[in-house]
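Trainee: Input file: run-v7.tsv. Contents: TSV, C-alpha atoms and all ligand atoms.
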```tsv
chain	number	residue	atom	x	y	z
A	77	MET	CA	9.87	17.33	8.09
A	78	ASN	CA	10.93	14.89	5.38
A	79	LYS	CA	8.78	11.78	5.22
A	80	LYS	CA	10.43	8.43	5.92
A	81	VAL	CA	10.01	5.42	3.67
A	82	MET	CA	7.68	2.47	4.30
A	83	LEU	CA	7.80	-0.63	2.12
A	84	THR	CA	6.22	-4.05	2.09
A	85	GLY	CA	5.74	-6.89	-0.40
A	86	VAL	CA	3.53	-9.84	-1.16
A	87	ARG	CA	4.15	-13.05	-3.10
A	88	PRO	CA	1.60	-13.60	-5.87
A	89	SER	CA	1.47	-17.23	-4.87
A	90	GLY	CA	-2.25	-17.71	-4.36
A	91	ASN	CA	-5.40	-15.96	-3.19
A	92	LEU	CA	-4.86	-13.54	-0.33
A	93	THR	CA	-6.04	-14.61	3.10
A	94	LEU	CA	-7.45	-12.94	6.18
A	95	GLY	CA	-3.95	-13.49	7.66
A	96	ASN	CA	-2.38	-11.37	4.91
A	97	TYR	CA	-4.97	-8.64	5.46
A	98	LEU	CA	-4.78	-8.47	9.25
A	99	GLY	CA	-1.04	-9.16	9.58
A	100	ALA	CA	0.27	-6.93	6.79
A	101	ILE	CA	-2.14	-5.05	4.50
A	102	LYS	CA	-4.23	-3.35	7.19
A	103	ASN	CA	-1.17	-2.02	9.01
A	104	PHE	CA	0.23	-0.65	5.76
A	105	VAL	CA	-3.03	1.01	4.72
A	106	ASP	CA	-3.40	2.68	8.13
A	107	LYS	CA	0.00	4.37	7.71
A	108	GLN	CA	0.31	4.89	3.97
A	109	GLU	CA	-0.16	8.67	4.14
A	110	ASP	CA	2.47	9.19	6.81
A	111	TYR	CA	5.32	7.80	4.71
A	112	ILE	CA	6.73	7.66	1.20
A	113	SER	CA	5.05	4.31	0.59
A	114	TYR	CA	5.95	1.38	-1.66
A	115	ILE	CA	4.27	-1.97	-2.21
A	116	PHE	CA	5.85	-4.45	-4.54
A	117	ILE	CA	4.36	-7.61	-5.96
A	118	ALA	CA	7.13	-10.10	-5.28
A	119	ASP	CA	6.83	-12.05	-8.52
A	120	LEU	CA	10.49	-13.16	-8.45
A	121	HIS	CA	9.89	-14.57	-4.98
A	122	ALA	CA	6.77	-16.35	-6.25
A	123	ILE	CA	8.75	-18.47	-8.72
A	124	THR	CA	10.53	-20.15	-5.82
A	125	SER	CA	7.28	-22.16	-5.63
A	126	PRO	CA	6.73	-22.80	-9.37
A	127	LYS	CA	3.27	-22.30	-10.88
A	128	LYS	CA	1.81	-22.55	-14.37
A	129	PRO	CA	2.57	-19.25	-16.23
A	130	GLN	CA	-1.13	-18.45	-16.69
A	131	ALA	CA	-1.79	-19.03	-12.99
A	132	LEU	CA	1.10	-16.74	-12.02
A	133	GLN	CA	-0.25	-13.96	-14.29
A	134	GLU	CA	-3.69	-14.31	-12.73
A	135	ALA	CA	-2.21	-14.28	-9.23
A	136	ILE	CA	-0.29	-11.06	-9.97
A	137	TYR	CA	-3.40	-9.21	-11.17
A	138	ASN	CA	-5.41	-10.68	-8.36
A	139	CYS	CA	-2.95	-9.46	-5.72
A	140	VAL	CA	-2.88	-5.91	-7.08
A	141	ALA	CA	-6.68	-5.68	-7.35
A	142	MET	CA	-7.00	-7.09	-3.85
A	143	TYR	CA	-4.51	-4.61	-2.36
A	144	LEU	CA	-6.48	-1.77	-3.94
A	145	ALA	CA	-9.72	-3.28	-2.64
A	146	CYS	CA	-8.19	-3.37	0.84
A	147	GLY	CA	-7.49	0.36	0.73
A	148	VAL	CA	-4.06	0.78	-0.88
A	149	ASP	CA	-4.28	4.08	-2.76
A	150	PRO	CA	-2.03	4.14	-5.87
A	151	THR	CA	-1.92	7.94	-5.81
A	152	LYS	CA	-0.28	7.73	-2.38
A	153	THR	CA	1.57	4.42	-2.66
A	154	MET	CA	3.86	3.25	-5.46
A	155	VAL	CA	2.51	-0.17	-6.41
A	156	PHE	CA	4.82	-2.10	-8.73
A	157	LYS	CA	6.07	-5.48	-9.81
A	158	GLN	CA	9.47	-6.51	-8.49
A	159	SER	CA	10.58	-7.92	-11.88
A	160	ASP	CA	9.84	-4.57	-13.58
A	161	VAL	CA	12.61	-2.86	-11.60
A	162	LEU	CA	15.76	-4.68	-12.70
A	163	GLU	CA	17.85	-3.29	-9.84
A	164	HIS	CA	16.25	-5.86	-7.48
A	165	GLY	CA	18.02	-8.75	-9.23
A	166	THR	CA	21.42	-7.06	-9.34
A	167	LEU	CA	21.46	-5.90	-5.73
A	168	GLY	CA	20.02	-9.27	-4.68
A	169	PHE	CA	22.98	-11.01	-6.31
A	170	ILE	CA	25.42	-8.56	-4.69
A	171	MET	CA	23.91	-9.27	-1.27
A	172	THR	CA	24.49	-13.03	-1.63
A	173	PHE	CA	28.22	-12.28	-1.22
A	174	GLN	CA	27.58	-10.66	2.15
A	175	THR	CA	25.66	-13.67	3.45
A	176	LYS	CA	26.86	-16.90	5.04
A	177	MET	CA	25.33	-20.29	4.17
A	178	GLY	CA	24.70	-20.80	7.89
A	179	GLU	CA	22.65	-17.59	8.10
A	180	LEU	CA	20.36	-18.73	5.29
A	181	SER	CA	20.09	-22.27	6.66
A	182	ARG	CA	18.75	-20.83	9.91
A	183	MET	CA	15.79	-19.08	8.22
A	184	THR	CA	12.64	-20.72	9.53
A	185	GLN	CA	10.69	-19.95	6.33
A	186	PHE	CA	13.34	-21.91	4.36
A	187	LYS	CA	13.10	-24.82	6.77
A	188	TYR	CA	9.31	-24.82	6.54
A	189	LYS	CA	8.96	-24.29	2.77
A	190	SER	CA	11.76	-26.69	1.81
A	191	MET	CA	9.82	-29.48	3.52
A	192	GLN	CA	7.08	-28.94	0.91
A	193	GLN	CA	9.60	-29.40	-1.96
A	194	THR	CA	11.17	-32.69	-0.89
A	195	LYS	CA	9.73	-34.66	-3.83
A	196	GLU	CA	11.39	-32.73	-6.68
A	197	GLY	CA	14.36	-31.53	-4.64
A	198	VAL	CA	14.64	-28.10	-3.01
A	199	ASN	CA	15.49	-25.31	-5.47
A	200	THR	CA	18.34	-22.93	-4.63
A	201	GLY	CA	16.03	-19.95	-5.18
A	202	LEU	CA	14.18	-20.94	-2.05
A	203	PHE	CA	17.49	-20.97	-0.18
A	204	VAL	CA	18.79	-17.57	-1.35
A	205	TYR	CA	15.52	-15.64	-1.63
A	206	PRO	CA	16.07	-13.84	1.70
A	207	THR	CA	19.06	-12.04	0.11
A	208	LEU	CA	16.73	-10.80	-2.64
A	209	MET	CA	14.36	-9.61	0.07
A	210	VAL	CA	17.30	-7.76	1.65
A	211	ALA	CA	17.77	-5.97	-1.68
A	212	ASP	CA	14.02	-5.30	-2.02
A	213	ILE	CA	14.12	-3.41	1.27
A	214	LEU	CA	17.48	-1.63	0.97
A	215	LEU	CA	16.93	-0.30	-2.58
A	216	TYR	CA	14.34	2.23	-1.41
A	217	ASN	CA	16.12	3.59	1.72
A	218	THR	CA	13.35	2.00	3.73
A	219	SER	CA	12.89	2.96	7.39
A	220	ILE	CA	9.92	0.80	8.25
A	221	VAL	CA	8.81	-2.62	7.00
A	222	PRO	CA	5.35	-3.64	8.24
A	223	VAL	CA	5.08	-7.44	8.04
A	224	GLY	CA	3.64	-10.41	9.91
A	225	LYS	CA	5.69	-12.20	12.55
A	226	ASP	CA	6.81	-14.89	10.04
A	227	GLN	CA	8.85	-12.29	8.14
A	228	GLN	CA	10.58	-10.73	11.17
A	229	GLN	CA	13.67	-12.91	10.75
A	230	HIS	CA	14.15	-11.74	7.15
A	231	VAL	CA	14.03	-8.08	8.14
A	232	GLU	CA	16.52	-8.80	10.91
A	233	LEU	CA	18.79	-10.42	8.30
A	234	THR	CA	18.42	-7.23	6.24
A	235	ARG	CA	19.65	-5.16	9.17
A	236	ASP	CA	22.60	-7.49	9.75
A	237	LEU	CA	23.65	-7.39	6.09
A	238	ALA	CA	23.17	-3.63	5.77
A	239	GLU	CA	25.35	-3.11	8.82
A	240	ARG	CA	27.98	-5.55	7.53
A	241	PHE	CA	28.08	-3.87	4.12
A	242	ASN	CA	28.21	-0.36	5.60
A	243	LYS	CA	31.10	-1.36	7.89
A	244	ARG	CA	33.09	-3.01	5.08
A	245	TYR	CA	32.47	-0.54	2.28
A	246	GLY	CA	31.33	2.71	3.92
A	247	ASN	CA	27.89	4.06	4.65
A	248	THR	CA	25.68	2.95	1.76
A	249	PHE	CA	22.35	1.65	3.06
A	250	VAL	CA	19.68	3.04	5.38
A	251	MET	CA	18.99	0.75	8.35
A	252	PRO	CA	15.36	-0.49	8.25
A	253	ASP	CA	13.16	-1.29	11.25
A	254	VAL	CA	10.59	-4.04	11.23
A	255	TYR	CA	7.03	-3.14	12.29
A	256	ILE	CA	5.06	-6.02	13.74
A	257	ALA	CA	1.64	-4.97	15.04
A	258	PRO	CA	0.91	-6.13	18.59
A	259	VAL	CA	-2.37	-7.87	17.60
A	260	GLY	CA	-2.97	-10.17	14.59
A	261	ASN	CA	0.68	-10.58	13.59
A	262	LYS	CA	0.31	-14.33	13.17
A	263	ILE	CA	-3.19	-15.49	12.26
A	264	LEU	CA	-3.40	-19.26	12.62
A	265	ASN	CA	-5.12	-21.89	10.51
A	266	LEU	CA	-8.63	-22.33	11.97
A	267	GLN	CA	-8.42	-26.14	11.69
A	268	ASN	CA	-4.86	-26.36	12.98
A	269	PRO	CA	-4.20	-23.44	15.30
A	270	LEU	CA	-0.59	-24.47	15.69
A	271	GLU	CA	0.15	-23.52	12.06
A	272	LYS	CA	0.13	-20.10	10.39
A	273	MET	CA	-2.67	-19.40	7.89
A	274	ASN	CA	-0.93	-19.49	4.45
A	275	LYS	CA	-2.14	-18.56	1.00
A	276	SER	CA	0.01	-21.03	-0.94
A	277	ASP	CA	-0.31	-24.14	1.20
A	278	ASN	CA	-3.64	-25.67	0.19
A	279	SER	CA	-3.43	-28.68	2.48
A	280	ASN	CA	-5.83	-27.20	5.02
A	281	ASN	CA	-8.14	-24.84	3.13
A	282	LYS	CA	-11.01	-25.49	5.53
A	283	GLY	CA	-9.00	-23.56	8.08
A	284	THR	CA	-7.96	-20.76	5.71
A	285	ILE	CA	-10.20	-17.75	5.14
A	286	PHE	CA	-9.56	-16.38	1.67
A	287	LEU	CA	-10.59	-12.76	1.17
A	288	MET	CA	-12.65	-13.85	-1.86
A	289	ASP	CA	-14.41	-16.77	-0.13
A	290	ASP	CA	-18.18	-16.54	-0.39
A	291	ILE	CA	-19.70	-15.35	2.86
A	292	GLU	CA	-21.55	-18.60	3.65
A	293	THR	CA	-18.26	-20.51	3.34
A	294	VAL	CA	-16.54	-18.01	5.63
A	295	LYS	CA	-19.25	-18.45	8.27
A	296	LYS	CA	-18.96	-22.23	8.06
A	297	LYS	CA	-15.19	-22.08	8.45
A	298	ILE	CA	-15.45	-19.88	11.53
A	299	MET	CA	-18.27	-21.89	13.16
A	300	GLN	CA	-16.21	-25.09	12.59
A	301	ALA	CA	-12.95	-23.58	13.86
A	302	LYS	CA	-11.10	-25.88	16.28
A	303	THR	CA	-11.27	-24.65	19.86
A	304	ASP	CA	-10.96	-26.50	23.18
A	305	THR	CA	-13.12	-27.94	25.94
A	306	LEU	CA	-12.51	-25.20	28.52
A	307	SER	CA	-15.61	-23.24	27.43
A	308	CYS	CA	-14.13	-19.92	28.45
A	309	VAL	CA	-13.42	-17.03	26.08
A	310	HIS	CA	-9.97	-16.21	27.36
A	311	PHE	CA	-6.74	-15.10	25.65
A	312	ASP	CA	-4.14	-17.78	26.30
A	313	GLU	CA	-2.15	-18.63	23.17
A	314	GLU	CA	-0.46	-21.63	24.74
A	315	ASN	CA	-3.43	-23.46	26.23
A	316	GLN	CA	-6.28	-22.04	24.10
A	317	PRO	CA	-4.71	-21.32	20.69
A	318	GLY	CA	-7.96	-21.67	18.71
A	319	ILE	CA	-10.00	-19.27	20.83
A	320	SER	CA	-7.06	-16.87	21.16
A	321	ASN	CA	-6.74	-16.84	17.36
A	322	LEU	CA	-10.43	-15.94	16.94
A	323	MET	CA	-10.03	-13.25	19.63
A	324	SER	CA	-7.07	-11.81	17.71
A	325	ILE	CA	-9.16	-11.69	14.53
A	326	LEU	CA	-12.03	-9.94	16.31
A	327	SER	CA	-9.81	-7.52	18.21
A	328	LYS	CA	-7.74	-6.59	15.15
A	329	ILE	CA	-10.87	-5.74	13.14
A	330	THR	CA	-12.84	-3.92	15.85
A	331	ASN	CA	-9.96	-2.55	17.99
A	332	GLU	CA	-11.64	-3.96	21.10
A	333	SER	CA	-9.16	-5.12	23.78
A	334	PHE	CA	-8.88	-8.80	24.77
A	335	GLU	CA	-9.92	-7.84	28.31
A	336	SER	CA	-13.13	-6.22	27.11
A	337	ILE	CA	-13.97	-9.25	24.90
A	338	GLU	CA	-13.32	-11.59	27.84
A	339	ASN	CA	-15.61	-9.50	30.08
A	340	ARG	CA	-18.45	-9.49	27.57
A	341	TYR	CA	-18.31	-13.27	27.18
A	342	LYS	CA	-17.96	-14.21	30.85
A	343	GLY	CA	-20.13	-17.27	31.50
A	344	LYS	CA	-21.15	-17.57	27.84
A	345	GLY	CA	-20.31	-20.41	25.40
A	346	TYR	CA	-18.17	-20.43	22.29
A	347	GLY	CA	-21.17	-20.55	19.91
A	348	GLU	CA	-22.27	-16.99	20.66
A	349	PHE	CA	-18.70	-15.72	20.47
A	350	LYS	CA	-18.07	-17.41	17.12
A	351	LYS	CA	-21.29	-15.87	15.77
A	352	GLU	CA	-19.95	-12.39	16.52
A	353	VAL	CA	-16.65	-13.24	14.81
A	354	CYS	CA	-18.71	-14.41	11.78
A	355	GLU	CA	-20.61	-11.11	11.68
A	356	VAL	CA	-17.54	-8.93	11.90
A	357	VAL	CA	-15.48	-10.91	9.36
A	358	SER	CA	-18.44	-11.14	6.95
A	359	THR	CA	-18.98	-7.37	6.98
A	360	LEU	CA	-15.28	-6.77	6.37
A	361	LEU	CA	-15.08	-9.26	3.48
A	362	THR	CA	-18.32	-8.09	1.87
A	363	ASN	CA	-16.85	-4.57	1.62
A	364	ILE	CA	-13.51	-5.79	0.29
A	365	GLN	CA	-15.19	-8.06	-2.29
A	366	GLN	CA	-17.41	-5.25	-3.59
A	367	ARG	CA	-14.37	-3.04	-4.05
A	368	PHE	CA	-12.37	-5.88	-5.65
A	369	HIS	CA	-14.79	-6.10	-8.57
A	370	LYS	CA	-14.34	-2.37	-9.16
A	371	PHE	CA	-10.56	-2.73	-9.50
A	372	ASN	CA	-10.39	-6.09	-11.27
A	373	ASN	CA	-9.64	-4.64	-14.70
A	374	LYS	CA	-6.39	-5.59	-16.44
A	375	THR	CA	-6.00	-2.29	-18.32
A	376	LEU	CA	-6.35	-0.32	-15.11
A	377	LEU	CA	-4.01	-2.66	-13.20
A	378	ASP	CA	-1.37	-2.56	-15.97
A	379	SER	CA	-1.35	1.22	-15.91
A	380	ILE	CA	-1.06	1.30	-12.09
A	381	LEU	CA	1.88	-1.15	-12.19
A	382	ALA	CA	3.63	0.73	-15.01
A	383	ASP	CA	3.23	4.04	-13.20
A	384	GLY	CA	4.41	2.50	-9.90
A	385	ALA	CA	7.56	1.05	-11.50
A	386	LYS	CA	8.32	4.34	-13.25
A	387	ARG	CA	8.11	6.25	-9.95
A	388	ALA	CA	9.99	3.64	-7.90
A	389	GLN	CA	12.88	2.86	-10.27
A	390	PRO	CA	14.96	6.08	-9.96
A	391	THR	CA	15.47	5.55	-6.21
A	392	ALA	CA	16.41	1.91	-6.80
A	393	GLN	CA	18.89	3.01	-9.47
A	394	GLU	CA	20.48	5.59	-7.14
A	395	THR	CA	20.94	3.05	-4.36
A	396	LEU	CA	22.39	0.42	-6.68
A	397	GLN	CA	24.77	3.05	-8.02
A	398	ARG	CA	25.94	3.82	-4.46
A	399	ALA	CA	26.49	0.11	-3.78
A	400	LYS	CA	28.44	-0.35	-7.05
A	401	LEU	CA	30.61	2.68	-6.26
A	402	ALA	CA	31.27	1.37	-2.75
A	403	LEU	CA	32.25	-2.05	-4.10
A	404	GLY	CA	34.52	-0.66	-6.81
A	405	LEU	CA	32.32	-1.92	-9.63
A	406	GLN	CA	32.05	1.63	-10.86
A	407	SER	CA	34.12	4.79	-10.60
B	501	LIG	P1	2.96	-17.95	1.03
B	501	LIG	O1	2.27	-19.21	1.46
B	501	LIG	O2	3.06	-17.78	-0.44
B	501	LIG	O3	4.27	-17.71	1.72
B	501	LIG	P2	1.74	-16.05	2.83
B	501	LIG	O4	0.30	-16.15	3.19
B	501	LIG	O5	2.77	-16.43	3.84
B	501	LIG	O6	1.93	-16.82	1.46
B	501	LIG	P3	3.33	-13.80	1.91
B	501	LIG	O7	3.13	-13.26	0.53
B	501	LIG	O8	4.50	-14.68	2.16
B	501	LIG	O9	1.97	-14.54	2.36
B	501	LIG	O10	3.37	-12.60	2.92
B	501	LIG	C1	2.69	-11.37	2.71
B	501	LIG	C2	2.56	-10.65	4.03
B	501	LIG	O11	1.54	-11.26	4.83
B	501	LIG	C3	3.84	-10.71	4.88
B	501	LIG	O12	3.99	-9.45	5.52
B	501	LIG	C4	3.54	-11.77	5.89
B	501	LIG	O13	4.26	-11.60	7.10
B	501	LIG	C5	2.04	-11.57	6.12
B	501	LIG	N1	1.37	-12.79	6.58
B	501	LIG	C6	1.30	-13.94	5.88
B	501	LIG	N2	0.57	-14.84	6.56
B	501	LIG	C7	0.20	-14.25	7.72
B	501	LIG	C8	-0.59	-14.68	8.84
B	501	LIG	N3	-1.09	-15.88	8.89
B	501	LIG	N4	-0.79	-13.80	9.86
B	501	LIG	C9	-0.26	-12.55	9.81
B	501	LIG	N5	0.47	-12.09	8.77
B	501	LIG	C10	0.70	-12.92	7.74
B	502	MG	MG	4.86	-16.42	3.27
```
Any chance you could give the structure as structure tokens?
Mentor:
Amino acid sequence: MNKKVMLTGVRPSGNLTLGNYLGAIKNFVDKQEDYISYIFIADLHAITSPKKPQALQEAIYNCVAMYLACGVDPTKTMVFKQSDVLEHGTLGFIMTFQTKMGELSRMTQFKYKSMQQTKEGVNTGLFVYPTLMVADILLYNTSIVPVGKDQQQHVELTRDLAERFNKRYGNTFVMPDVYIAPVGNKILNLQNPLEKMNKSDNSNNKGTIFLMDDIETVKKKIMQAKTDTLSCVHFDEENQPGISNLMSILSKITNESFESIENRYKGKGYGEFKKEVCEVVSTLLTNIQQRFHKFNNKTLLDSILADGAKRAQPTAQETLQRAKLALGLQS
């Protein structure tokens, strides 16, 4: 049977977090052999939140090395930089014509991120970037897009636009499905468990576990995580968001069910529970960090990115060609 295509991306906008690992990377790594797999470093998306050029370069290398450290295998997965495959920009621009202003205004990521840009004025890139993400996905005939819950709306937009285009111009794009894992799809900030853990928003770093944090810092962050006064390890996202978040972290790493965790901690306090979360997260991060140092070599990373782009580009070119033919841009 022919393998289907799986694709996901990451913005090189800061150091990767435990949220990125549990919500996106882990799910991808677990499935990478079952699909024709692509991971792109979304550098064009990263410039919607401008950074110093040197910092962006570092973030790109850092992201690739971290993905490899987390188990992405470049012999099985095409790992490449979005800006190296020029078809992304062209199809992204084409897809803006299929999109309504109202559709983009409704994107919750735009609403959230534009609030952070009020001082200098919101850039239009931040407004239209979902149409580039539509192109990112459609270029590779993607069937499955494993992402965290925050990105679900963008994949749904991709489906809407693919369907609209196919209806107007004839069958051109493969319809992608989003894959959101049942556990760990939205890891929350440990200090503010009403907000998602983000890599680029540094306003609450005490509640963000970065994959490269030193282990003592990680333990401190977990032990100081905001909980509640109910003193009962119980999964209830509405009334006990802090404890539920820590349970999601534990369950996603160990595969233990919420019910089993609740049973083990019946009648016990939060201190003991947090200590177990510390242990499990520390072991995970120690392994990732050791592997990171092995891969953190610019020559190696450059060759992986060049090879990934070379293998990915022909499919992108074919799809763009189909879209241009359908539109009448080409005969
Ligand atoms: P940024 O602040 O730059 O938007 P981010 O942490 O949201 O950073 P992205 O690069 O936007 O990370 O997303 C990479 C992947 O990680 C996406 O699939 C996204 O859904 C997932 N992801 C991001 N944050 C979380 C989280 N807190 N819990 C689960 N998944 C997450
Ligand atoms: Mg994000």
Trainee: Between A:Val204, A:Val140, A:Val86, A:Leu180, which has the minimum distance to ligand LIG 501 (chain B) (counting all atoms listed in the file)?
Mentor: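 Between A:Val204, A:Val140, A:Val86, A:Leu180, the residue approaching ligand LIG 501 (chain B) most closely is A:Val86.
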Trainee: Would you list the residues that come within 9 Å of ligand MG 502 (chain B)? Count all atoms listed in the file and give the answer as a VMD selection string.
Mentor: chain A and resid 86 to 87 89 96 185 189 226 to 227 274 to 276
Trainee: Give me, as a ChimeraX atom specification, all polymer residues having an atom no more than 8 Å from Met323 of chain A, counting all atoms listed in the file and skipping those fewer than 3 positions away in the same chain.
Mentor: /A:311,319-320,326-327,334,337
Trainee: Residues of segment 183-254 of chain A that approach segment 103-113 of chain A to 10 Å or less, counting all atoms listed in the file: could you list each one with the shortest pair of atoms and its distance in Å to one decimal, rows by chain and increasing residue number, as a tab-separated table?
Mentor:
```
residue	atom	partner	partner_atom	distance
A:Tyr216	CA	A:Ile112	CA	9.7
A:Thr218	CA	A:Ile112	CA	9.1
A:Ser219	CA	A:Tyr111	CA	9.4
A:Ile220	CA	A:Tyr111	CA	9.1
A:Val221	CA	A:Phe104	CA	8.9
A:Pro222	CA	A:Phe104	CA	6.4
A:Val223	CA	A:Asn103	CA	8.3
A:Gly224	CA	A:Asn103	CA	9.7
```
Trainee: Would you mind listing what lies within 9 Å of Ala392 of chain A as a PDB file with C-alpha atoms, in the coordinates of the input, with all atoms listed in the file counted and same-chain residues fewer than 5 positions away left out?
Mentor:
```pdb
ATOM      1  CA  VAL A 161      12.610  -2.860 -11.600  1.00  0.00           C
ATOM      2  CA  LEU A 162      15.760  -4.680 -12.700  1.00  0.00           C
ATOM      3  CA  GLU A 163      17.850  -3.290  -9.840  1.00  0.00           C
ATOM      4  CA  HIS A 164      16.250  -5.860  -7.480  1.00  0.00           C
ATOM      5  CA  ASP A 212      14.020  -5.300  -2.020  1.00  0.00           C
ATOM      6  CA  LEU A 214      17.480  -1.630   0.970  1.00  0.00           C
ATOM      7  CA  LEU A 215      16.930  -0.300  -2.580  1.00  0.00           C
ATOM      8  CA  TYR A 216      14.340   2.230  -1.410  1.00  0.00           C
ATOM      9  CA  ASN A 217      16.120   3.590   1.720  1.00  0.00           C
ATOM     10  CA  GLN A 397      24.770   3.050  -8.020  1.00  0.00           C
TER      11      GLN A 397
END
```
Trainee: Pick the closest to Tyr245 of chain A from A:Gln133, A:Gln267, A:Gln174, A:Thr305: which is it, counting all atoms listed in the file?
Mentor: A:Gln174
Trainee: Check the smallest atom-to-atom distance from each of A:Gln300, A:Ser324, A:Thr200, A:Gln130 to ligand LIG 501 (chain B) using all atoms listed in the file, then report the winner.
Mentor: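 Nearest to ligand LIG 501 (chain B): A:Ser324.
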Trainee: When you count all atoms listed in the file, which of these residues is closest to ligand LIG 501 (chain B): A:Pro269, A:Gly404, A:Gly201, A:Gly168?
Mentor: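 Smallest distance to ligand LIG 501 (chain B) is found for A:Pro269.
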Trainee: Quick one: residues within 9 Å of Leu120 of chain A, only C-alpha atoms counted, chain neighbours fewer than 5 positions away excluded, as a list of chain:residue names?
Mentor: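 Once the nearby chain positions are removed, what remains is A:Arg87, A:Lys157, A:Gln158, A:Ser159, A:Gly165, A:Tyr205, A:Leu208.
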Trainee: Can you tell me, as JSON, numbers by chain, what residues are no more than 8 Å from Gly85 of chain A when counting all atoms listed in the file, ignoring any on the same chain fewer than 6 positions away?
Mentor: {"A": [115, 116, 117, 118]}
Trainee: Have a look at A:Gly246, A:Gly147, A:Pro88, A:Gly99 and name the one nearest to ligand LIG 501 (chain B); count all atoms listed in the file.
Mentor: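 Nearest candidate to ligand LIG 501 (chain B) out of A:Gly246, A:Gly147, A:Pro88, A:Gly99: A:Gly99.
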Trainee: Give the answer as one residue: which of A:Cys354, A:Val155, A:Ile263, A:Met191 has the shortest atom-to-atom distance to ligand LIG 501 (chain B), using only C-alpha atoms and all ligand atoms?
Mentor: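 Ranked by minimum distance to ligand LIG 501 (chain B), first place goes to A:Ile263.
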Trainee: Each side padded by 8 Å, which centre and which edge lengths in Å (one decimal) define the axis-aligned box around the listed atoms of ligand LIG 501 (chain B)? Give them as lines of an AutoDock Vina configuration file.
Mentor:
```
center_x = 1.7
center_y = -14.3
center_z = 4.7
size_x = 21.6
size_y = 25.8
size_z = 26.3
```
Trainee: Atom CA of Leu94 of chain A and atom CA of Asp160 of chain A, how far apart in Å?
Mentor: 27.6 Å
Trainee: Atom CA of Met82 of chain A and atom CA of Val254 of chain A are how many Å apart?
Mentor: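 So the answer is 9.9 Å.
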Trainee: Would you kindly return, as a ChimeraX atom specification, each protein, DNA or RNA residue with an atom no farther than 12 Å from any atom of Arg240 of chain A, considering only C-alpha atoms and excluding same-chain residues fewer than 3 positions away?
Mentor: /A:171,173-176,233-237,243-249,251
Trainee: Deliver the residues from the most recent selection as a file, using C-alpha atoms, as a short mmCIF file (atom, residue, chain, number, x, y, z; two decimals), keeping the file's coordinate frame.
Mentor:
```cif
data_model
loop_
_atom_site.label_atom_id
_atom_site.label_comp_id
_atom_site.auth_asym_id
_atom_site.auth_seq_id
_atom_site.Cartn_x
_atom_site.Cartn_y
_atom_site.Cartn_z
CA MET A 171 23.91 -9.27 -1.27
CA PHE A 173 28.22 -12.28 -1.22
CA GLN A 174 27.58 -10.66 2.15
CA THR A 175 25.66 -13.67 3.45
CA LYS A 176 26.86 -16.90 5.04
CA LEU A 233 18.79 -10.42 8.30
CA THR A 234 18.42 -7.23 6.24
CA ARG A 235 19.65 -5.16 9.17
CA ASP A 236 22.60 -7.49 9.75
CA LEU A 237 23.65 -7.39 6.09
CA LYS A 243 31.10 -1.36 7.89
CA ARG A 244 33.09 -3.01 5.08
CA TYR A 245 32.47 -0.54 2.28
CA GLY A 246 31.33 2.71 3.92
CA ASN A 247 27.89 4.06 4.65
CA THR A 248 25.68 2.95 1.76
CA PHE A 249 22.35 1.65 3.06
CA MET A 251 18.99 0.75 8.35
#
```
